[in-house]
>>> print(open('final_2.txt').read())   # compact mmCIF, C-alpha atoms and all ligand atoms
# COMPACT_ATOMS: atom_id res chain seq x y z
CA MET F 564 119.59 62.18 109.56
CA GLU F 565 121.57 61.26 106.49
CA SER F 566 124.23 63.67 105.40
CA TYR F 567 123.93 65.74 102.29
CA VAL F 568 126.58 65.30 99.62
CA PHE F 569 126.70 68.07 97.07
CA GLU F 570 127.79 66.84 93.67
CA CYS F 571 128.65 70.01 91.82
CA GLY F 572 130.53 69.18 88.62
CA GLU F 573 129.79 65.45 88.69
CA ALA F 574 128.50 63.29 85.85
CA ARG F 575 124.94 64.67 85.95
CA VAL F 576 125.83 68.24 85.00
CA ASP F 577 124.16 67.93 81.59
CA LYS F 578 120.80 67.15 83.16
CA PRO F 579 118.55 70.06 84.14
CA LYS F 580 118.94 70.56 87.89
CA VAL F 581 115.63 70.75 89.69
CA VAL F 582 115.18 71.31 93.41
CA LEU F 583 111.97 69.78 94.75
CA GLY F 584 111.13 71.47 98.04
CA VAL F 585 108.51 69.64 100.06
CA SER F 586 106.72 71.25 102.98
CA GLY F 587 104.59 69.55 105.60
CA GLY F 588 101.22 68.72 104.09
CA ILE F 589 99.45 65.48 103.32
CA ALA F 590 99.93 66.15 99.58
CA ALA F 591 103.63 65.34 100.14
CA TYR F 592 102.81 61.80 99.04
CA LYS F 593 101.71 63.14 95.65
CA ALA F 594 105.05 64.90 95.28
CA CYS F 595 106.62 61.41 95.07
CA GLU F 596 104.84 60.97 91.74
CA LEU F 597 106.10 64.37 90.54
CA LEU F 598 109.62 63.38 91.59
CA ARG F 599 109.36 60.13 89.68
CA ARG F 600 108.23 61.86 86.52
CA LEU F 601 111.08 64.34 86.81
CA THR F 602 113.81 61.76 87.34
CA GLU F 603 112.45 59.42 84.67
CA SER F 604 112.47 62.22 82.12
CA GLY F 605 116.12 63.03 82.71
CA HIS F 606 116.15 65.69 85.42
CA ASP F 607 118.64 65.70 88.26
CA VAL F 608 116.40 66.29 91.26
CA ARG F 609 117.48 67.33 94.74
CA VAL F 610 114.71 66.87 97.26
CA VAL F 611 114.76 69.35 100.13
CA PRO F 612 111.97 68.49 102.57
CA THR F 613 111.12 70.47 105.65
CA GLU F 614 111.24 68.75 109.01
CA SER F 615 107.44 68.55 109.06
CA ALA F 616 107.31 67.10 105.53
CA LEU F 617 109.17 64.06 106.91
CA HIS F 618 106.16 63.33 109.14
CA PHE F 619 104.24 62.56 105.95
CA VAL F 620 106.90 60.97 103.73
CA GLY F 621 110.22 59.81 105.16
CA ALA F 622 113.75 60.68 104.04
CA ALA F 623 114.29 57.14 102.74
CA THR F 624 111.55 57.57 100.13
CA TRP F 625 112.91 60.89 98.87
CA SER F 626 116.40 59.53 98.80
CA ALA F 627 115.47 56.34 96.97
CA LEU F 628 113.37 58.14 94.35
CA SER F 629 115.85 60.96 93.72
CA GLY F 630 119.05 58.94 93.99
CA HIS F 631 120.47 61.55 96.36
CA PRO F 632 120.69 61.79 100.12
CA VAL F 633 118.39 64.35 101.69
CA SER F 634 118.63 66.73 104.59
CA THR F 635 116.29 69.28 106.11
CA GLU F 636 118.71 71.52 107.92
CA VAL F 637 121.78 73.60 107.20
CA TRP F 638 124.16 72.00 109.68
CA SER F 639 125.14 68.86 107.82
CA ASP F 640 128.16 68.97 105.47
CA VAL F 641 128.81 72.57 106.35
CA HIS F 642 132.09 72.57 104.44
CA GLU F 643 130.04 72.13 101.24
CA VAL F 644 127.79 75.09 102.16
CA PRO F 645 124.75 73.25 100.75
CA HIS F 646 122.32 75.91 102.00
CA VAL F 647 123.83 78.28 99.45
CA ARG F 648 124.93 75.98 96.67
CA ILE F 649 121.72 73.98 96.16
CA GLY F 650 119.81 77.14 95.25
CA GLN F 651 122.67 78.68 93.27
CA GLY F 652 123.11 75.59 91.11
CA ALA F 653 119.43 74.98 90.35
CA ASP F 654 117.78 75.52 86.97
CA LEU F 655 114.38 75.49 88.64
CA VAL F 656 113.00 75.20 92.17
CA ILE F 657 109.51 73.86 92.80
CA VAL F 658 107.98 73.72 96.27
CA ALA F 659 105.24 71.09 96.16
CA PRO F 660 103.25 71.02 98.28
CA ALA F 661 103.69 74.54 99.62
CA THR F 662 101.89 74.99 102.95
CA ALA F 663 100.51 78.33 104.19
CA ASP F 664 103.47 78.42 106.59
CA MET F 665 105.98 77.89 103.77
CA LEU F 666 104.37 80.64 101.64
CA ALA F 667 104.58 83.00 104.63
CA LYS F 668 108.23 82.17 105.26
CA ALA F 669 109.14 82.57 101.59
CA ALA F 670 107.24 85.87 101.28
CA HIS F 671 109.05 87.27 104.31
CA GLY F 672 112.48 85.92 103.46
CA LEU F 673 112.87 83.73 106.54
CA ALA F 674 115.72 81.26 106.41
CA ASP F 675 115.48 78.81 109.28
CA ASP F 676 116.01 75.54 107.44
CA LEU F 677 117.62 74.20 104.30
CA LEU F 678 114.59 74.80 102.04
CA THR F 679 114.06 78.43 103.04
CA ASN F 680 117.80 79.08 102.64
CA THR F 681 117.66 77.47 99.21
CA LEU F 682 114.77 79.75 98.19
CA LEU F 683 116.78 82.83 99.12
CA THR F 684 119.80 81.79 97.10
CA ALA F 685 117.94 80.58 93.99
CA ARG F 686 118.14 82.87 90.95
CA CYS F 687 116.24 80.52 88.63
CA PRO F 688 112.46 80.25 88.09
CA VAL F 689 110.71 79.35 91.37
CA VAL F 690 107.34 77.60 91.45
CA PHE F 691 105.06 77.09 94.45
CA ALA F 692 102.24 74.55 94.33
CA PRO F 693 100.14 75.37 97.39
CA ALA F 694 97.88 72.76 98.96
CA MET F 695 95.84 73.46 102.08
CA HIS F 696 92.33 73.79 103.40
CA THR F 697 90.15 76.37 101.67
CA GLU F 698 89.98 78.68 104.70
CA MET F 699 93.76 78.81 104.97
CA TRP F 700 94.14 79.48 101.24
CA GLU F 701 91.51 82.24 101.28
CA HIS F 702 92.84 83.92 104.42
CA PRO F 703 94.02 87.47 103.64
CA ALA F 704 97.42 86.67 105.15
CA THR F 705 97.97 83.80 102.71
CA GLN F 706 96.59 85.79 99.79
CA GLU F 707 98.92 88.69 100.55
CA ASN F 708 101.88 86.33 100.78
CA VAL F 709 100.93 84.81 97.43
CA ALA F 710 100.63 88.27 95.87
CA THR F 711 104.07 89.19 97.25
CA LEU F 712 105.66 86.06 95.82
CA ARG F 713 104.02 86.62 92.43
CA ARG F 714 105.09 90.25 92.36
CA ARG F 715 108.66 89.08 92.86
CA GLY F 716 108.43 86.77 89.86
CA ALA F 717 107.57 83.42 91.42
CA LEU F 718 104.93 81.25 89.80
CA VAL F 719 102.32 80.36 92.42
CA VAL F 720 100.06 77.72 90.89
CA GLU F 721 96.42 78.21 91.85
CA PRO F 722 95.27 75.16 93.83
CA ALA F 723 92.61 72.98 92.26
CA VAL F 724 89.04 72.73 93.50
CA GLY F 725 87.95 69.34 94.77
CA ARG F 726 88.21 66.82 97.54
CA LEU F 727 90.55 67.86 100.37
CA THR F 728 91.82 65.71 103.22
CA GLY F 729 88.87 64.19 105.03
CA VAL F 730 85.34 64.79 103.84
CA ASP F 731 85.52 68.45 102.92
CA THR F 732 85.82 69.81 99.39
CA GLY F 733 86.82 73.22 98.07
CA LYS F 734 89.74 75.16 96.69
CA GLY F 735 93.10 74.09 98.03
CA ARG F 736 93.66 70.75 96.38
CA PHE F 737 97.10 69.80 95.07
CA PRO F 738 97.04 69.66 91.25
CA GLU F 739 97.60 66.37 89.48
CA PRO F 740 101.36 65.57 89.58
CA ALA F 741 101.38 65.03 85.79
CA GLU F 742 100.09 68.58 85.32
CA LEU F 743 102.68 70.04 87.70
CA PHE F 744 105.33 68.15 85.80
CA ASP F 745 104.05 69.82 82.65
CA VAL F 746 104.48 73.25 84.28
CA VAL F 747 108.10 72.42 85.20
CA ARG F 748 108.85 71.10 81.73
CA ARG F 749 107.42 74.22 80.05
CA LEU F 750 109.31 76.61 82.32
CA LEU F 751 112.62 74.83 81.74
CA ALA F 752 111.94 74.88 77.98
CA ARG F 753 111.58 78.67 78.00
CA GLY F 754 115.34 79.02 78.36
CA ASP F 755 116.27 82.70 78.23
CA ARG F 756 112.79 83.89 77.22
CA PRO F 757 110.95 85.79 79.97
CA ALA F 758 109.32 83.12 82.10
CA GLN F 759 106.43 85.09 83.59
CA ASP F 760 105.45 87.49 80.82
CA LEU F 761 101.72 86.97 81.48
CA ALA F 762 101.98 87.58 85.24
CA GLY F 763 99.20 89.81 86.54
CA ARG F 764 97.10 89.17 83.40
CA HIS F 765 93.74 87.44 83.18
CA VAL F 766 93.20 85.44 80.01
CA VAL F 767 90.12 83.56 78.83
CA VAL F 768 90.41 80.54 76.55
CA SER F 769 87.54 78.57 75.06
CA ALA F 770 88.21 74.97 74.10
CA GLY F 771 86.43 71.89 72.75
CA GLY F 772 83.27 71.80 70.69
CA THR F 773 79.75 72.86 71.52
CA ARG F 774 76.88 70.36 71.47
CA GLU F 775 73.42 71.45 70.43
CA PRO F 776 70.80 69.09 71.87
CA LEU F 777 67.99 67.67 69.74
CA ASP F 778 66.38 65.59 72.47
CA PRO F 779 67.58 64.20 75.83
CA VAL F 780 69.90 61.68 74.16
CA ARG F 781 71.05 63.32 70.89
CA PHE F 782 72.93 66.39 69.87
CA LEU F 783 74.57 68.12 66.90
CA GLY F 784 78.26 68.36 67.63
CA ASN F 785 81.73 68.32 66.15
CA ARG F 786 84.96 66.43 66.58
CA SER F 787 87.00 69.08 68.36
CA SER F 788 89.02 67.44 71.14
CA GLY F 789 89.91 70.66 72.93
CA LYS F 790 93.64 69.88 72.83
CA GLN F 791 94.66 73.19 71.23
CA GLY F 792 92.62 75.18 73.76
CA TYR F 793 94.06 73.17 76.65
CA ALA F 794 97.58 73.70 75.31
CA LEU F 795 96.85 77.44 75.28
CA ALA F 796 95.57 77.30 78.87
CA ARG F 797 98.61 75.34 80.08
CA SER F 798 101.02 77.67 78.32
CA ALA F 799 99.37 80.81 79.73
CA ALA F 800 99.29 79.39 83.28
CA ALA F 801 102.99 78.48 83.12
CA ARG F 802 103.69 82.04 81.96
CA GLY F 803 101.99 83.42 85.06
CA ALA F 804 98.49 84.30 83.81
CA ARG F 805 95.28 83.81 85.71
CA VAL F 806 93.49 81.53 83.26
CA THR F 807 89.77 80.89 82.82
CA LEU F 808 89.26 77.88 80.58
CA LEU F 809 85.76 77.53 79.15
CA ALA F 810 85.66 73.85 78.33
CA ALA F 811 82.97 72.69 75.91
CA ASN F 812 82.51 68.92 76.15
CA THR F 813 86.13 67.94 76.61
CA ALA F 814 87.57 64.78 78.17
CA LEU F 815 91.04 66.00 79.05
CA PRO F 816 92.85 66.25 82.41
CA ASP F 817 92.47 69.57 84.23
CA PRO F 818 95.57 71.74 83.69
CA ALA F 819 97.29 72.86 86.90
CA GLY F 820 96.44 76.34 88.13
CA VAL F 821 93.59 76.91 85.67
CA ASP F 822 90.01 77.85 86.55
CA ILE F 823 87.79 75.54 84.49
CA VAL F 824 84.20 76.39 83.59
CA PRO F 825 82.39 73.53 81.82
CA VAL F 826 79.87 74.55 79.14
CA GLY F 827 77.64 72.62 76.74
CA THR F 828 76.00 74.69 74.03
CA ALA F 829 76.99 77.76 72.01
CA VAL F 830 74.49 79.86 73.95
CA GLN F 831 76.01 78.71 77.27
CA LEU F 832 79.49 79.37 75.93
CA ARG F 833 78.48 82.91 74.91
CA GLU F 834 77.21 83.62 78.45
CA ALA F 835 80.39 82.21 79.97
CA VAL F 836 82.63 84.19 77.60
CA LEU F 837 80.82 87.47 78.28
CA LYS F 838 81.06 86.89 82.05
CA ALA F 839 84.72 85.85 82.10
CA ALA F 840 85.83 88.47 79.56
CA ALA F 841 84.58 91.39 81.67
CA ASP F 842 88.00 91.83 83.29
CA ALA F 843 90.15 89.83 80.86
CA ASP F 844 93.27 91.13 79.13
CA ALA F 845 92.88 88.61 76.32
CA VAL F 846 90.23 86.25 74.97
CA VAL F 847 91.18 83.33 72.73
CA MET F 848 88.32 81.54 71.02
CA ALA F 849 89.79 78.13 70.27
CA ALA F 850 86.46 76.31 70.67
CA ALA F 851 84.66 74.94 67.63
CA VAL F 852 81.31 76.62 68.03
CA ALA F 853 78.30 75.19 66.20
CA ASP F 854 77.03 77.82 63.79
CA PHE F 855 73.51 76.35 63.99
CA ARG F 856 71.32 74.66 66.59
CA PRO F 857 68.04 72.76 66.26
CA GLU F 858 65.12 75.18 66.30
CA THR F 859 63.24 73.04 68.78
CA TYR F 860 64.28 70.71 71.57
CA ALA F 861 62.17 67.59 72.04
CA THR F 862 61.76 66.95 75.74
CA GLY F 863 61.13 63.25 75.04
CA LYS F 864 63.30 61.00 72.89
CA ILE F 865 62.42 61.33 69.19
CA LYS F 866 61.08 57.93 68.07
CA LYS F 867 61.17 56.39 64.60
CA LYS F 868 57.83 55.37 63.18
CA ASP F 869 57.57 52.46 60.75
CA GLY F 870 56.56 53.55 57.27
CA GLU F 871 57.03 57.26 58.01
CA ALA F 872 59.80 59.42 56.59
CA PRO F 873 61.95 61.09 59.28
CA ALA F 874 60.89 64.63 60.12
CA PRO F 875 63.38 67.25 58.88
CA ILE F 876 65.37 69.07 61.53
CA ALA F 877 64.97 72.85 61.32
CA LEU F 878 68.06 74.82 62.36
CA VAL F 879 68.58 78.38 63.54
CA ARG F 880 71.79 80.42 63.66
CA ASN F 881 73.80 80.57 66.86
CA PRO F 882 75.30 83.87 67.99
CA ASP F 883 78.80 84.55 66.65
CA ILE F 884 80.60 84.97 69.96
CA LEU F 885 83.96 85.95 68.47
CA ALA F 886 82.47 88.68 66.27
CA GLU F 887 80.38 89.97 69.17
CA ILE F 888 83.25 90.22 71.62
CA ALA F 889 85.70 91.61 69.06
CA GLY F 890 83.17 94.25 67.95
CA ASP F 891 82.24 95.37 71.44
CA ARG F 892 85.19 94.64 73.75
CA PRO F 893 84.14 94.17 77.37
CA ARG F 894 87.41 95.82 78.42
CA ALA F 895 89.43 98.51 76.65
CA GLY F 896 92.67 97.26 75.14
CA GLN F 897 91.57 93.62 75.33
CA VAL F 898 93.29 91.37 72.76
CA VAL F 899 90.88 89.06 70.93
CA VAL F 900 92.06 85.97 69.05
CA GLY F 901 90.02 83.69 66.78
CA PHE F 902 90.63 80.45 64.93
CA ALA F 903 89.63 79.49 61.41
CA ALA F 904 89.77 76.27 59.44
CA GLU F 905 90.27 76.72 55.70
CA THR F 906 90.67 74.21 52.89
CA ASP F 907 91.76 76.51 50.04
CA ASP F 908 92.81 80.11 49.41
CA VAL F 909 93.95 79.96 53.02
CA LEU F 910 95.46 83.42 53.20
CA ALA F 911 92.75 85.25 51.26
CA ASN F 912 89.94 83.52 53.14
CA GLY F 913 91.76 84.03 56.43
CA ARG F 914 92.24 87.77 55.78
CA ALA F 915 88.56 88.15 54.87
CA LYS F 916 87.50 86.29 58.02
CA LEU F 917 89.84 88.37 60.21
CA ALA F 918 88.22 91.55 58.87
CA ARG F 919 84.71 90.14 59.18
CA LYS F 920 85.19 89.02 62.78
CA GLY F 921 87.10 92.16 63.80
CA CYS F 922 89.64 90.30 65.98
CA ASP F 923 93.32 91.20 66.49
CA LEU F 924 94.74 87.81 65.55
CA LEU F 925 93.31 84.94 63.55
CA VAL F 926 94.96 81.52 63.73
CA VAL F 927 94.31 79.91 60.36
CA ASN F 928 94.59 76.13 60.13
CA GLU F 929 94.80 74.63 56.71
CA VAL F 930 92.54 71.59 56.98
CA GLY F 931 94.16 68.63 55.29
CA GLU F 932 94.93 64.95 55.57
CA ARG F 933 97.24 64.75 58.60
CA LYS F 934 95.76 67.83 60.26
CA THR F 935 92.76 66.23 61.85
CA PHE F 936 90.78 67.01 64.94
CA GLY F 937 92.19 65.25 67.97
CA SER F 938 95.76 65.25 66.69
CA GLU F 939 98.67 66.25 68.95
CA GLN F 940 100.18 68.33 66.16
CA ASN F 941 99.12 71.45 64.36
CA GLU F 942 100.33 73.82 61.67
CA ALA F 943 99.01 77.33 61.18
CA ILE F 944 99.51 80.86 60.01
CA VAL F 945 98.66 83.55 62.52
CA LEU F 946 97.30 86.62 60.76
CA GLY F 947 97.38 89.98 62.53
CA ALA F 948 94.93 92.85 62.00
CA ASP F 949 98.09 94.95 61.54
CA GLY F 950 98.88 92.97 58.36
CA SER F 951 101.40 90.63 59.99
CA GLU F 952 101.69 86.96 59.05
CA THR F 953 103.38 84.47 61.40
CA PRO F 954 103.73 80.96 60.00
CA VAL F 955 104.02 78.21 62.64
CA PRO F 956 105.46 74.98 61.19
CA TYR F 957 103.91 71.56 61.73
CA GLY F 958 104.64 70.60 65.33
CA PRO F 959 103.18 70.15 68.82
CA LYS F 960 100.07 72.18 69.67
CA GLU F 961 102.11 73.49 72.59
CA ASP F 962 104.45 75.33 70.18
CA LEU F 963 101.53 76.99 68.42
CA ALA F 964 100.13 77.95 71.83
CA ASP F 965 103.42 79.58 72.83
CA THR F 966 103.59 81.54 69.56
CA ILE F 967 100.01 82.77 70.00
CA TRP F 968 100.83 84.04 73.50
CA ASP F 969 104.02 85.68 72.21
CA LEU F 970 101.90 87.60 69.70
CA VAL F 971 99.29 88.44 72.35
CA VAL F 972 101.98 89.71 74.76
CA GLN F 973 103.26 92.07 72.03
CA ARG F 974 99.76 93.54 71.74
CA LEU F 975 98.91 93.91 75.43
CA VAL F 976 98.88 97.49 76.71
N1 LIG F 1001 83.05 81.26 66.56
C1 LIG F 1001 82.25 81.87 67.50
N2 LIG F 1001 80.89 81.75 67.44
C2 LIG F 1001 80.31 81.03 66.46
C3 LIG F 1001 81.12 80.41 65.49
C4 LIG F 1001 82.47 80.53 65.57
O1 LIG F 1001 82.78 82.53 68.38
N3 LIG F 1001 78.99 80.93 66.43
C5 LIG F 1001 84.49 81.43 66.62
C6 LIG F 1001 85.29 80.17 66.83
O2 LIG F 1001 85.57 79.95 68.21
C7 LIG F 1001 86.57 80.45 66.06
C8 LIG F 1001 86.07 81.28 64.92
O3 LIG F 1001 84.90 81.94 65.38
O4 LIG F 1001 87.47 81.25 66.80
C9 LIG F 1001 85.73 80.41 63.72
O5 LIG F 1001 84.92 81.12 62.89
P1 LIG F 1001 83.95 80.47 61.79
O6 LIG F 1001 83.27 81.58 61.10
O7 LIG F 1001 83.10 79.41 62.39
O8 LIG F 1001 85.00 79.88 60.89
P2 LIG F 1001 85.22 78.46 60.42
O9 LIG F 1001 85.14 77.52 61.56
O10 LIG F 1001 86.51 78.53 59.71
O11 LIG F 1001 83.95 78.15 59.49
P3 LIG F 1001 83.30 78.81 58.15
O12 LIG F 1001 84.43 79.28 57.29
O13 LIG F 1001 82.55 77.69 57.61
O14 LIG F 1001 82.41 79.93 58.60
>>> encode(input="final_2.txt", output="structure tokens")
Amino acid sequence: MESYVFECGEARVDKPKVVLGVSGGIAAYKACELLRRLTESGHDVRVVPTESALHFVGAATWSALSGHPVSTEVWSDVHEVPHVRIGQGADLVIVAPATADMLAKAAHGLADDLLTNTLLTARCPVVFAPAMHTEMWEHPATQENVATLRRRGALVVEPAVGRLTGVDTGKGRFPEPAELFDVVRRLLARGDRPAQDLAGRHVVVSAGGTREPLDPVRFLGNRSSGKQGYALARSAAARGARVTLLAANTALPDPAGVDIVPVGTAVQLREAVLKAAADADAVVMAAAVADFRPETYATGKIKKKDGEAPAPIALVRNPDILAEIAGDRPRAGQVVVGFAAETDDVLANGRAKLARKGCDLLVVNEVGERKTFGSEQNEAIVLGADGSETPVPYGPKEDLADTIWDLVVQRLV
């Protein structure tokens, strides 16, 4: 076993110090990708594997990718007291993958190796990314351990649903490393702001644009990419919320720890919103919902006929989901947020729409040249039913997402 050399006060002090704990699951190989992203983006990463993690990925790999020696136990370099100082000096600790055994040890405060000692001494944000078979994840023992860790302020990322080791599929999959990296980045960026201010909350976010089918191959749709809704989902998950993301026709990677419900049409979205909102603390309608749909659906492809004018397409109104949910809240005290795109008289039109829809907050985008659908940037004014106005300058959609959640948190009872 290589010895551990603690480098407190050396040249890397300016870099955020991240501890990557790795416990013994097959997803350990995916943690190499997370490690790479962290080091390449300027983080000083200490890898602390458990003894069993080294069965999956060896010490040489962790050491080469992190640029630091690694150790699993507390007995090397005792004069440096690494079992205390690694945790004390960290800006963030992430355990990825976290096995059922590791969650149990952490929940009960066991300290029988370097990683569990590090967890007890860390006073920074701590993230667990569990990965295991569905039965182990769903077992009441694991669920109680997860609840304990969350109650104490740790962020336990919900595992993804999908292919597990072998042929089985279900909940328990390790999230995409890029998405876990995003969680780490967001938490470190929160600085002194409360990291887990949405812990214990359930939030529902709609994203993307609905498609209203005309025939089996055509639809009426819009250009919404879903990026603002996904940014909202990522932000809420990193702040500890249970997130249901109703994704209308998006082509974006699944955010880590988010429950994704794909939908197609406005009518399907309405059903999904009403179902998910039943126990939600907040609902944010970021999806671009088609106001109209074709009156009839042709079961066969509509054909052109030479010499004949095309038949007009009759449209009917879709339900206004935002107005419905804001007017008759499925849960008392629920905070409801809408979006609006305006070209002129932004404030006056926004205020009128806020009143008409009956929501608590309306995020008004001024539609203009550089503010197009699909862009990474956004600029908005968030209007409150209490008369407040919060301008959010042109910048990443992530910043707007964080401001929206700040305003929601202020309104949660
Ligand atoms: N919305 C909805 N159901 C609809 C239409 C819109 O829930 N059938 C929601 C959207 O998700 C968004 C807000 O209402 O949060 C947008 O309202 P809308 O009246 O469509 O405003 P604009 O898109 O700004 O369009 P317009 O001013 O043309 O009405």
>>> closest_residue(input="final_2.txt", among="F:Leu946, F:Val821, F:Leu761, F:Leu777", to="Gly803 (chain F)", atoms="all atoms listed in the file")
F:Leu761
>>> atom_distance(input="final_2.txt", atom1="CA of Arg726 (chain F)", atom2="CA of Glu698 (chain F)")
14.0 Å
>>> residues_near_ligand(input="final_2.txt", ligand="ligand LIG 1001 (chain F)", cutoff="9 Å", atoms="all atoms listed in the file", output="PDB file with C-alpha atoms, in the frame of the given file")
ATOM      1  CA  SER F 769      87.540  78.570  75.060  1.00  0.00           C
ATOM      2  CA  ALA F 770      88.210  74.970  74.100  1.00  0.00           C
ATOM      3  CA  GLY F 772      83.270  71.800  70.690  1.00  0.00           C
ATOM      4  CA  ALA F 829      76.990  77.760  72.010  1.00  0.00           C
ATOM      5  CA  VAL F 830      74.490  79.860  73.950  1.00  0.00           C
ATOM      6  CA  LEU F 832      79.490  79.370  75.930  1.00  0.00           C
ATOM      7  CA  ARG F 833      78.480  82.910  74.910  1.00  0.00           C
ATOM      8  CA  VAL F 847      91.180  83.330  72.730  1.00  0.00           C
ATOM      9  CA  MET F 848      88.320  81.540  71.020  1.00  0.00           C
ATOM     10  CA  ALA F 849      89.790  78.130  70.270  1.00  0.00           C
ATOM     11  CA  ALA F 850      86.460  76.310  70.670  1.00  0.00           C
ATOM     12  CA  ALA F 851      84.660  74.940  67.630  1.00  0.00           C
ATOM     13  CA  VAL F 852      81.310  76.620  68.030  1.00  0.00           C
ATOM     14  CA  ALA F 853      78.300  75.190  66.200  1.00  0.00           C
ATOM     15  CA  ASP F 854      77.030  77.820  63.790  1.00  0.00           C
ATOM     16  CA  PHE F 855      73.510  76.350  63.990  1.00  0.00           C
ATOM     17  CA  ARG F 880      71.790  80.420  63.660  1.00  0.00           C
ATOM     18  CA  ASN F 881      73.800  80.570  66.860  1.00  0.00           C
ATOM     19  CA  PRO F 882      75.300  83.870  67.990  1.00  0.00           C
ATOM     20  CA  ASP F 883      78.800  84.550  66.650  1.00  0.00           C
ATOM     21  CA  ILE F 884      80.600  84.970  69.960  1.00  0.00           C
ATOM     22  CA  LEU F 885      83.960  85.950  68.470  1.00  0.00           C
ATOM     23  CA  ALA F 886      82.470  88.680  66.270  1.00  0.00           C
ATOM     24  CA  GLU F 887      80.380  89.970  69.170  1.00  0.00           C
ATOM     25  CA  ILE F 888      83.250  90.220  71.620  1.00  0.00           C
ATOM     26  CA  VAL F 900      92.060  85.970  69.050  1.00  0.00           C
ATOM     27  CA  GLY F 901      90.020  83.690  66.780  1.00  0.00           C
ATOM     28  CA  PHE F 902      90.630  80.450  64.930  1.00  0.00           C
ATOM     29  CA  ALA F 903      89.630  79.490  61.410  1.00  0.00           C
ATOM     30  CA  ALA F 904      89.770  76.270  59.440  1.00  0.00           C
ATOM     31  CA  GLU F 905      90.270  76.720  55.700  1.00  0.00           C
ATOM     32  CA  ASN F 912      89.940  83.520  53.140  1.00  0.00           C
ATOM     33  CA  GLY F 913      91.760  84.030  56.430  1.00  0.00           C
ATOM     34  CA  LYS F 916      87.500  86.290  58.020  1.00  0.00           C
ATOM     35  CA  ARG F 919      84.710  90.140  59.180  1.00  0.00           C
ATOM     36  CA  LYS F 920      85.190  89.020  62.780  1.00  0.00           C
ATOM     37  CA  LEU F 925      93.310  84.940  63.550  1.00  0.00           C
ATOM     38  CA  VAL F 926      94.960  81.520  63.730  1.00  0.00           C
ATOM     39  CA  VAL F 927      94.310  79.910  60.360  1.00  0.00           C
ATOM     40  CA  ASN F 928      94.590  76.130  60.130  1.00  0.00           C
TER      41      ASN F 928
END
>>> residues_around(input="final_2.txt", residues="region 581-595 of chain F", least_positions_apart="5", cutoff="7 Å", atoms="only C-alpha atoms", output="PyMOL selection string")
chain F and resi 606-613+615-616+619-620+653-662+665+678+694+737+740
>>> closest_residue(input="final_2.txt", among="F:Val767, F:Ala895, F:Ala915, F:Met695", to="Val846 (chain F)", atoms="all atoms listed in the file")
F:Val767
>>> atom_distance(input="final_2.txt", atom1="CA of Val730 (chain F)", atom2="CA of Leu809 (chain F)")
27.8 Å
>>> residues_around(input="final_2.txt", residues="Leu975 (chain F)", least_positions_apart="3", cutoff="8 Å", atoms="only C-alpha atoms", output="list in words")
Asp844, Gly896, Gln897, Val898, Val971 and Val972 of chain F
>>> axis_aligned_box(input="final_2.txt", around="region 786-803 of chain F", padding_each_side="5 Å", output="JSON")
{"center_x": 94.3, "center_y": 74.9, "center_z": 75.8, "size_x": 28.7, "size_y": 27.0, "size_z": 28.5}
>>> atom_distance(input="final_2.txt", atom1="CA of Asp822 (chain F)", atom2="CA of Thr807 (chain F)")
4.8 Å
>>> closest_residue(input="final_2.txt", among="F:Val637, F:Ile649, F:Val709, F:Val899", to="Thr681 (chain F)", atoms="all atoms listed in the file")
F:Ile649
>>> closest_residue(input="final_2.txt", among="F:Gly716, F:Pro956, F:Pro688, F:Gly771", to="Gly792 (chain F)", atoms="only C-alpha atoms")
F:Gly771
>>> closest_residue(input="final_2.txt", among="F:His702, F:Gly784, F:Leu837, F:Leu727", to="Asn812 (chain F)", atoms="all atoms listed in the file")
F:Gly784
>>> decode(input="final_2.txt", residues="region 608-615 of chain F", atoms="N, CA and C atoms", output="PDB file, in the first residue's frame")
ATOM      1  N   VAL F 608      -8.141  17.013  -5.847  1.00  0.00           N
ATOM      2  CA  VAL F 608      -8.969  15.878  -5.410  1.00  0.00           C
ATOM      3  C   VAL F 608      -8.131  14.830  -4.685  1.00  0.00           C
ATOM      4  N   ARG F 609      -8.544  14.508  -3.492  1.00  0.00           N
ATOM      5  CA  ARG F 609      -7.998  13.383  -2.728  1.00  0.00           C
ATOM      6  C   ARG F 609      -8.925  12.210  -2.924  1.00  0.00           C
ATOM      7  N   VAL F 610      -8.436  11.104  -3.389  1.00  0.00           N
ATOM      8  CA  VAL F 610      -9.286   9.923  -3.499  1.00  0.00           C
ATOM      9  C   VAL F 610      -9.080   9.065  -2.271  1.00  0.00           C
ATOM     10  N   VAL F 611     -10.177   8.715  -1.611  1.00  0.00           N
ATOM     11  CA  VAL F 611     -10.100   7.832  -0.446  1.00  0.00           C
ATOM     12  C   VAL F 611     -10.983   6.612  -0.732  1.00  0.00           C
ATOM     13  N   PRO F 612     -10.391   5.570  -1.288  1.00  0.00           N
ATOM     14  CA  PRO F 612     -11.188   4.365  -1.564  1.00  0.00           C
ATOM     15  C   PRO F 612     -11.307   3.498  -0.314  1.00  0.00           C
ATOM     16  N   THR F 613     -12.307   2.649  -0.307  1.00  0.00           N
ATOM     17  CA  THR F 613     -12.345   1.621   0.735  1.00  0.00           C
ATOM     18  C   THR F 613     -11.533   0.436   0.224  1.00  0.00           C
ATOM     19  N   GLU F 614     -11.240  -0.477   1.127  1.00  0.00           N
ATOM     20  CA  GLU F 614     -10.477  -1.665   0.741  1.00  0.00           C
ATOM     21  C   GLU F 614     -11.220  -2.410  -0.383  1.00  0.00           C
ATOM     22  N   SER F 615     -12.540  -2.523  -0.246  1.00  0.00           N
ATOM     23  CA  SER F 615     -13.271  -3.269  -1.291  1.00  0.00           C
ATOM     24  C   SER F 615     -13.320  -2.515  -2.606  1.00  0.00           C
TER      25      SER F 615
END
